[in-house]
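Q: Supplied in structure tokens, the structure appears directly below.
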Amino acid sequence: MSDALAAELVEDADSIRAAKGLNLSLYSTFAVTVVFIILAAAFGIHPEMESERDGVMEGAVGNTIPITWNQPVYMPRHSECIDPSNGQEEGYEGFGIGYEPSLAIDGEGNMFITAHKDLSWGGDGTPTAPIFGGDPGLWWACTEGQGTSWDYWASWFWISNDEGKNWSHGADFDPTPGNMITANYLAGGSECLGDEGDIAVDAEDRIFYLDTTLEDNWWHVFTDGGNTYEMNTCQRMNTMAGDDRPWVAAQGDGIIHYLGNSGAPPPECTIDSGRYWYYHSENGGNTFSQCYSVPGGWSTLSSERDGPYVYIAQENADSSSGTVHIRISDDYGRGTGISDGTWDAPLAVGPRKGNCPEGYPVVNNNEKGTVAVVWADCPNGNTGPWEMQFAISYDHGETWENWNITPNWPGLNMYPFVSITEDDIVSIAYYGLDLSDNYTEGVPWYLYAGALREPHQFDNWTFSIADPTPLHNVTAAEASSGDTHALHDFFETVVSPDGTWMGIAYQQNVGQHPNEADEEQRYIKFVRGELNEMQLGSIDIESGGEIPIDFTCDGADKSPQLMWSEPPNGTTSLSILVDDIDAPNGSFIHWSVSDISNQTRSVTTGTSGDGVEAVNGFGNEGWGGPCPTEGEVHRYVFSIMAYNESSSLIGKGTFIATYER
């Protein structure tokens with residue numbers, strides 16, 4: 001064969017590798033090049049192979065994506081605003097005090113976090129005095145001697161331009177020393193009053209930040225990864241007053257969706273009733289169509305960045321039970337209102353057997369039509385074991401799969417949040433508490449997360465602790481009153497543009513609050529997790545297909561060829577495992593090979609490479625082919641696993657094949 005043709009095949013293999021992010025090493029010979037082309041096909045690059053997983057059976061394991069967690073970081077305060085005398089726990093004075101964080105990411109991997117400030121630490125006075133009472137006197141921002149932890153009037157706004165390693169304050173969000181009388185609202189940014197907000201990024205990587213107040217909302221626009229502030233003076237949105245939790249989504253060139261939360265109709269809106277109200281802008285938030293009622297309970301919002309789809313997930317009603325439903329627009333949310341615009345009628349996606357505190361059903365989507373909704377369910381009350389429900393659609397919400405994904409423990413699974421990569425890795429994170437000892441004083445809350453590739457009905461999720469530090473320990477007052485609200489109303493997650501890592505912004509409570517009884521100090525943290533997926537394929541066995549007879553007890557009973565992608569950094573050894581998950585006892589090991597070199601990328605048919613074979617379920621060393629009871633279809637999970645020097649699992653790839661005798 002000509003050198004030109006061989007070079008062309010090498011180039012094709014390299015293109016396939018880049019498109020799928022396999023990070024495979026190219027070999028110099030034509031023969032190995034052909035292997036990699038076959039490998040790419042085995043890894044599911046061709047769309048026709050993706051349809052072979054119809055009729056999913058209960059108990060499927062799914063393709064679990066191991067996550068390696070980096071060191072969590074606290075969000076910073078401006079150094080000139082650090083006040084050691086304000087009552088903060090020693091060592092935490094340099095961190096921003098807040099709760100209920102929102103997190104967004106742009107197409108370059110820049111991230112943005114905002115959080116509700118702790119208004120009780122705003123000085124002797126309070127901006128909420130006219131509504132909620134309290135001292136109406138002066139309240140301060142970053143003023144020496146005033147005992148305040150505020151850096152500026154608005155809610156926190158942090159940015160990271162290095163994928164979460166370091167965080168700073170966004171452009172024009174500088175300290176604003178002074179009091180509420182001397183605040184200059186003509187300065188914009190840090191001097192625009194705000195309590196809590198949400199952030200969205202459109203397809204042009206413009207960052208839109210909505211910051212709520214009791215009287216109205218303020219609007220901020222950034223570019224350049226949050227380093228350029230596009231506003232001059234404080235811009236009033238002229239939308240909703242008294243919004244207790246905004247949700248914002250953006251798409252295209254400045255199409256904005258704002259979902260405002262109010263238990264009563266705002267005066268400027270229609271006479272409809274509803275907790276949530278929808279606003280729409282097509283000019284980057286300069287003007288908004290006025291609010292339209294979105295009847296239902298707790299709700300969230302998401303949209304495609306480039307495509308036309310917009311989604312609202314919500315409880316069907318403010319009721320103790322019912323359903324979770326989704327509203328869909330396939331035309332950028334356009335129209336005169338939710339009821340008579342481009343929005344379809346609500347579609348139920350799953351049950352709701354209880355009424356969790358602030359039980360937001362969270363919706364997220366990618367650009368190719370995958371939409372997912374996750375929600376906590378409380379059929380046993382606030383302090384009984386909670387459930388977690390999940391629904392997913394792969395066709396823009398036309399059809400749905402729904403199942404219970406509750407972790408295998410009696411616990412509380414609060415505020416689950418979902419994110420989706422463009423190639424359908426779905427990650428879920430939540431605040432979790434183990435109820436093995438009931439809801440008693442001292443039981444810790446942790447941050448949990450897990451990820452699956454292309455989950456389908458009845459796939460099992462594996463969740464791990466993302467931050468080893470407890471976020472909060474149940475207090476005596478909480479245990480006696482059944483209060484589960486210490487970590488407040490929500491947190492958020494994102495996935496990187498290339499789908500290789502996820503980020504979580506969340507809350508941790510530390511030490512006694514200096515101004516509130518039975519409360520702790522509240523801090524915002526961020527943690528990044530590496531999605532350590534490996535790709536596993538075989539020339540001998542097709543993923544999702546039937547195992548050829550040569551590799552079973554009815555044939556030659558030889559082990560199959562396997563090949564895999566580059567393992568994660570830090571891998572010191574690899575292992576192979578083949579498991580029958582439909583065996584009478586739930587598991588039967590057909591092949592276990594350990595201590596494979598981290599440089600190995602394949603084993604040939606009938607061999608175990610350089611690994612050490614263990615005894616299989618038949619009692620023999622090495623491979624033991626599938627041999628199910630006649631007439632039964634069994635599923636066999638083929639896995640490659642990567643371990644570090646501490647023998648911790650840091651990477652995994654799987655595929656499933658079947659056999660029937």
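As shown in the structure tokens, the chain order sets the letters A, B, ...; within each chain, residues go from 1, and ligands are also counted from 1 in the order they appear.
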Counting only C-alpha atoms, what is within 6 Å of range 497-510 of chain A, bar same-chain residues fewer than 2 positions away, as a VMD selection string?

A: chain A and resid 99 107 421 471 to 472 491 to 495 520 to 531

Q: What lies within 9 Å of Ala466 in chain A using only C-alpha atoms, ignoring chain neighbours under 2 positions off, as a list in words?

A: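 Surrounding residues, per the criterion: Ile67, Thr68, Trp69, Asn70, Pro72, Ala429, Tyr446, Leu447, Tyr448, Ala449, Phe463, Ser464, Pro468, Val527, Arg528 and Gly529 of chain A.
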
Q: Suppose we keep N, CA and C atoms; can you now write the selection as a short mmCIF file (atom, residue, chain, number, x, y, z; two decimals), in the first residue's frame?

A:
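Once everything was written out, this is part09.cif:
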data_model
loop_
_atom_site.label_atom_id
_atom_site.label_comp_id
_atom_site.auth_asym_id
_atom_site.auth_seq_id
_atom_site.Cartn_x
_atom_site.Cartn_y
_atom_site.Cartn_z
N ILE A 67 -15.24 10.11 39.15
CA ILE A 67 -14.90 11.53 39.28
C ILE A 67 -13.78 11.66 40.30
N THR A 68 -12.71 12.34 39.91
CA THR A 68 -11.62 12.67 40.84
C THR A 68 -11.78 14.12 41.26
N TRP A 69 -11.88 14.34 42.58
CA TRP A 69 -12.17 15.68 43.09
C TRP A 69 -10.89 16.42 43.45
N ASN A 70 -10.78 17.65 43.00
CA ASN A 70 -9.67 18.51 43.36
C ASN A 70 -9.91 19.14 44.73
N PRO A 72 -11.13 21.65 47.30
CA PRO A 72 -12.14 22.72 47.30
C PRO A 72 -11.51 24.06 47.66
N ALA A 429 -25.53 16.24 41.40
CA ALA A 429 -24.95 16.54 42.70
C ALA A 429 -26.07 16.90 43.67
N TYR A 446 -23.07 16.23 53.72
CA TYR A 446 -21.96 16.26 52.78
C TYR A 446 -22.47 16.64 51.39
N LEU A 447 -21.53 17.01 50.53
CA LEU A 447 -21.82 17.23 49.11
C LEU A 447 -21.50 15.95 48.35
N TYR A 448 -22.49 15.42 47.64
CA TYR A 448 -22.33 14.20 46.87
C TYR A 448 -22.50 14.48 45.37
N ALA A 449 -21.88 13.65 44.53
CA ALA A 449 -22.06 13.79 43.09
C ALA A 449 -21.76 12.46 42.41
N PHE A 463 -22.87 7.51 43.67
CA PHE A 463 -22.53 8.85 44.16
C PHE A 463 -21.38 8.76 45.16
N SER A 464 -20.51 9.76 45.12
CA SER A 464 -19.39 9.83 46.06
C SER A 464 -19.34 11.22 46.68
N PRO A 468 -14.59 16.35 51.34
CA PRO A 468 -14.52 15.54 52.55
C PRO A 468 -14.89 16.28 53.82
N VAL A 527 -15.74 23.42 44.02
CA VAL A 527 -14.90 22.25 43.84
C VAL A 527 -15.02 21.78 42.39
N ARG A 528 -13.88 21.37 41.85
CA ARG A 528 -13.85 20.85 40.48
C ARG A 528 -13.59 19.36 40.52
N GLY A 529 -14.32 18.60 39.69
CA GLY A 529 -14.14 17.16 39.58
C GLY A 529 -13.80 16.76 38.16
#

Q: Would you list the contacts of range 294-307 of chain A as JSON, numbers by chain, taking every protein, DNA or RNA residue within 6 Å and counting only C-alpha atoms, but skipping same-chain residues closer than 6 positions in sequence?

A: {"A": [202, 203, 249, 251, 252, 274, 276, 277, 313, 314, 315, 316, 317, 318, 360, 362, 364, 367]}

Q: Nearest to Asn644 in chain A among A:Asp595, A:Asp198, A:Asp489, A:Glu144, with distances taken over only C-alpha atoms: which residue is it?

A: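 Among the listed residues, A:Asp595 lies closest to Asn644 in chain A.
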
Q: With a distance cut-off of 10 Å and only C-alpha atoms, select the neighbouring residues of Ser160 in chain A, excluding the residue or stretch itself and same-chain residues fewer than 3 positions from it, and output the selection as an mmCIF file with N, CA, C and O atoms, in the first residue's frame.

A:
data_model
loop_
_atom_site.group_PDB
_atom_site.id
_atom_site.type_symbol
_atom_site.label_atom_id
_atom_site.label_comp_id
_atom_site.auth_asym_id
_atom_site.auth_seq_id
_atom_site.Cartn_x
_atom_site.Cartn_y
_atom_site.Cartn_z
ATOM 1 N N ILE A 105 -21.095 29.055 33.235
ATOM 2 C CA ILE A 105 -19.830 28.861 32.521
ATOM 3 C C ILE A 105 -20.007 29.311 31.084
ATOM 4 O O ILE A 105 -21.092 29.181 30.503
ATOM 5 N N GLY A 109 -14.717 28.100 29.100
ATOM 6 C CA GLY A 109 -14.441 27.518 30.406
ATOM 7 C C GLY A 109 -14.326 28.518 31.530
ATOM 8 O O GLY A 109 -14.030 28.140 32.665
ATOM 9 N N ASN A 110 -14.537 29.827 31.255
ATOM 10 C CA ASN A 110 -14.583 30.823 32.330
ATOM 11 C C ASN A 110 -15.861 30.613 33.136
ATOM 12 O O ASN A 110 -16.923 30.348 32.574
ATOM 13 N N MET A 111 -15.747 30.776 34.462
ATOM 14 C CA MET A 111 -16.900 30.539 35.332
ATOM 15 C C MET A 111 -17.231 31.770 36.152
ATOM 16 O O MET A 111 -16.375 32.617 36.427
ATOM 17 N N PHE A 112 -18.504 31.807 36.609
ATOM 18 C CA PHE A 112 -19.037 32.968 37.303
ATOM 19 C C PHE A 112 -19.943 32.481 38.438
ATOM 20 O O PHE A 112 -20.808 31.633 38.220
ATOM 21 N N ILE A 113 -19.721 33.010 39.630
ATOM 22 C CA ILE A 113 -20.515 32.642 40.803
ATOM 23 C C ILE A 113 -21.079 33.899 41.434
ATOM 24 O O ILE A 113 -20.366 34.898 41.596
ATOM 25 N N GLU A 163 -10.321 27.936 34.821
ATOM 26 C CA GLU A 163 -11.091 26.701 34.984
ATOM 27 C C GLU A 163 -11.256 26.303 36.451
ATOM 28 O O GLU A 163 -11.271 25.121 36.790
ATOM 29 N N GLY A 164 -11.381 27.306 37.322
ATOM 30 C CA GLY A 164 -11.727 27.046 38.708
ATOM 31 C C GLY A 164 -10.581 26.959 39.680
ATOM 32 O O GLY A 164 -10.807 26.730 40.875
ATOM 33 N N LYS A 165 -9.341 27.142 39.201
ATOM 34 C CA LYS A 165 -8.201 27.066 40.132
ATOM 35 C C LYS A 165 -8.133 28.300 41.026
ATOM 36 O O LYS A 165 -7.803 28.212 42.210
ATOM 37 N N ASN A 166 -8.408 29.481 40.459
ATOM 38 C CA ASN A 166 -8.356 30.731 41.218
ATOM 39 C C ASN A 166 -9.612 31.550 40.923
ATOM 40 O O ASN A 166 -10.150 31.509 39.814
ATOM 41 N N TRP A 167 -10.033 32.338 41.918
ATOM 42 C CA TRP A 167 -11.236 33.149 41.804
ATOM 43 C C TRP A 167 -10.934 34.585 42.227
ATOM 44 O O TRP A 167 -10.155 34.824 43.146
ATOM 45 N N SER A 168 -11.563 35.534 41.533
ATOM 46 C CA SER A 168 -11.441 36.948 41.865
ATOM 47 C C SER A 168 -12.798 37.600 41.662
ATOM 48 O O SER A 168 -13.784 36.933 41.329
ATOM 49 N N HIS A 169 -12.854 38.912 41.846
ATOM 50 C CA HIS A 169 -14.104 39.643 41.679
ATOM 51 C C HIS A 169 -14.243 40.124 40.245
ATOM 52 O O HIS A 169 -13.272 40.517 39.596
ATOM 53 N N GLY A 170 -15.472 40.093 39.734
ATOM 54 C CA GLY A 170 -15.727 40.506 38.373
ATOM 55 C C GLY A 170 -15.465 41.984 38.164
ATOM 56 O O GLY A 170 -15.376 42.781 39.107
ATOM 57 N N GLY A 225 -14.904 37.066 29.583
ATOM 58 C CA GLY A 225 -14.754 36.209 30.754
ATOM 59 C C GLY A 225 -15.029 36.902 32.064
ATOM 60 O O GLY A 225 -14.498 36.510 33.102
ATOM 61 N N GLY A 226 -15.870 37.933 32.045
ATOM 62 C CA GLY A 226 -16.197 38.673 33.263
ATOM 63 C C GLY A 226 -15.248 39.795 33.578
ATOM 64 O O GLY A 226 -15.398 40.462 34.611
ATOM 65 N N ASN A 227 -14.280 40.063 32.689
ATOM 66 C CA ASN A 227 -13.275 41.096 32.938
ATOM 67 C C ASN A 227 -13.636 42.453 32.348
ATOM 68 O O ASN A 227 -12.915 43.431 32.564
#

Q: Kindly give the distance, in Å, that separates CA of Gly189 in chain A and CA of Thr148 in chain A, rounded to a single decimal.

A: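 Between CA of Gly189 in chain A and CA of Thr148 in chain A the gap is 19.6 Å.
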
Q: If you run DSSP on the backbone here, which positions in range 401-480 of chain A get strand (DSSP E or B)? Please write them as an MDAnalysis selection string.

A: chainID A and resid 401:404 411:420 425:434 444:453 464:465 472:473

Q: Counting only C-alpha atoms, what is within 10 Å of Met231 in chain A, bar same-chain residues fewer than 4 positions away, as JSON, numbers by chain?

A: {"A": [172, 187, 188, 189, 219, 220, 221, 222, 235]}

Q: Find the spatial neighbours of Arg352 in chain A, counting only C-alpha atoms, within a cut-off of 8 Å - ignore same-chain residues fewer than 6 positions away - and output them as a PyMOL selection string.

A: chain A and resi 321-324+377

Q: Convert the current residue selection to file output with C-alpha atoms, as a compact mmCIF listing (two decimals), in the first residue's frame.

A:
# COMPACT_ATOMS: atom_id res chain seq x y z
CA SER A 321 -48.16 15.54 46.23
CA GLY A 322 -48.73 15.45 42.51
CA THR A 323 -46.37 15.41 39.54
CA VAL A 324 -43.40 17.22 38.10
CA ASP A 377 -39.19 13.66 46.90
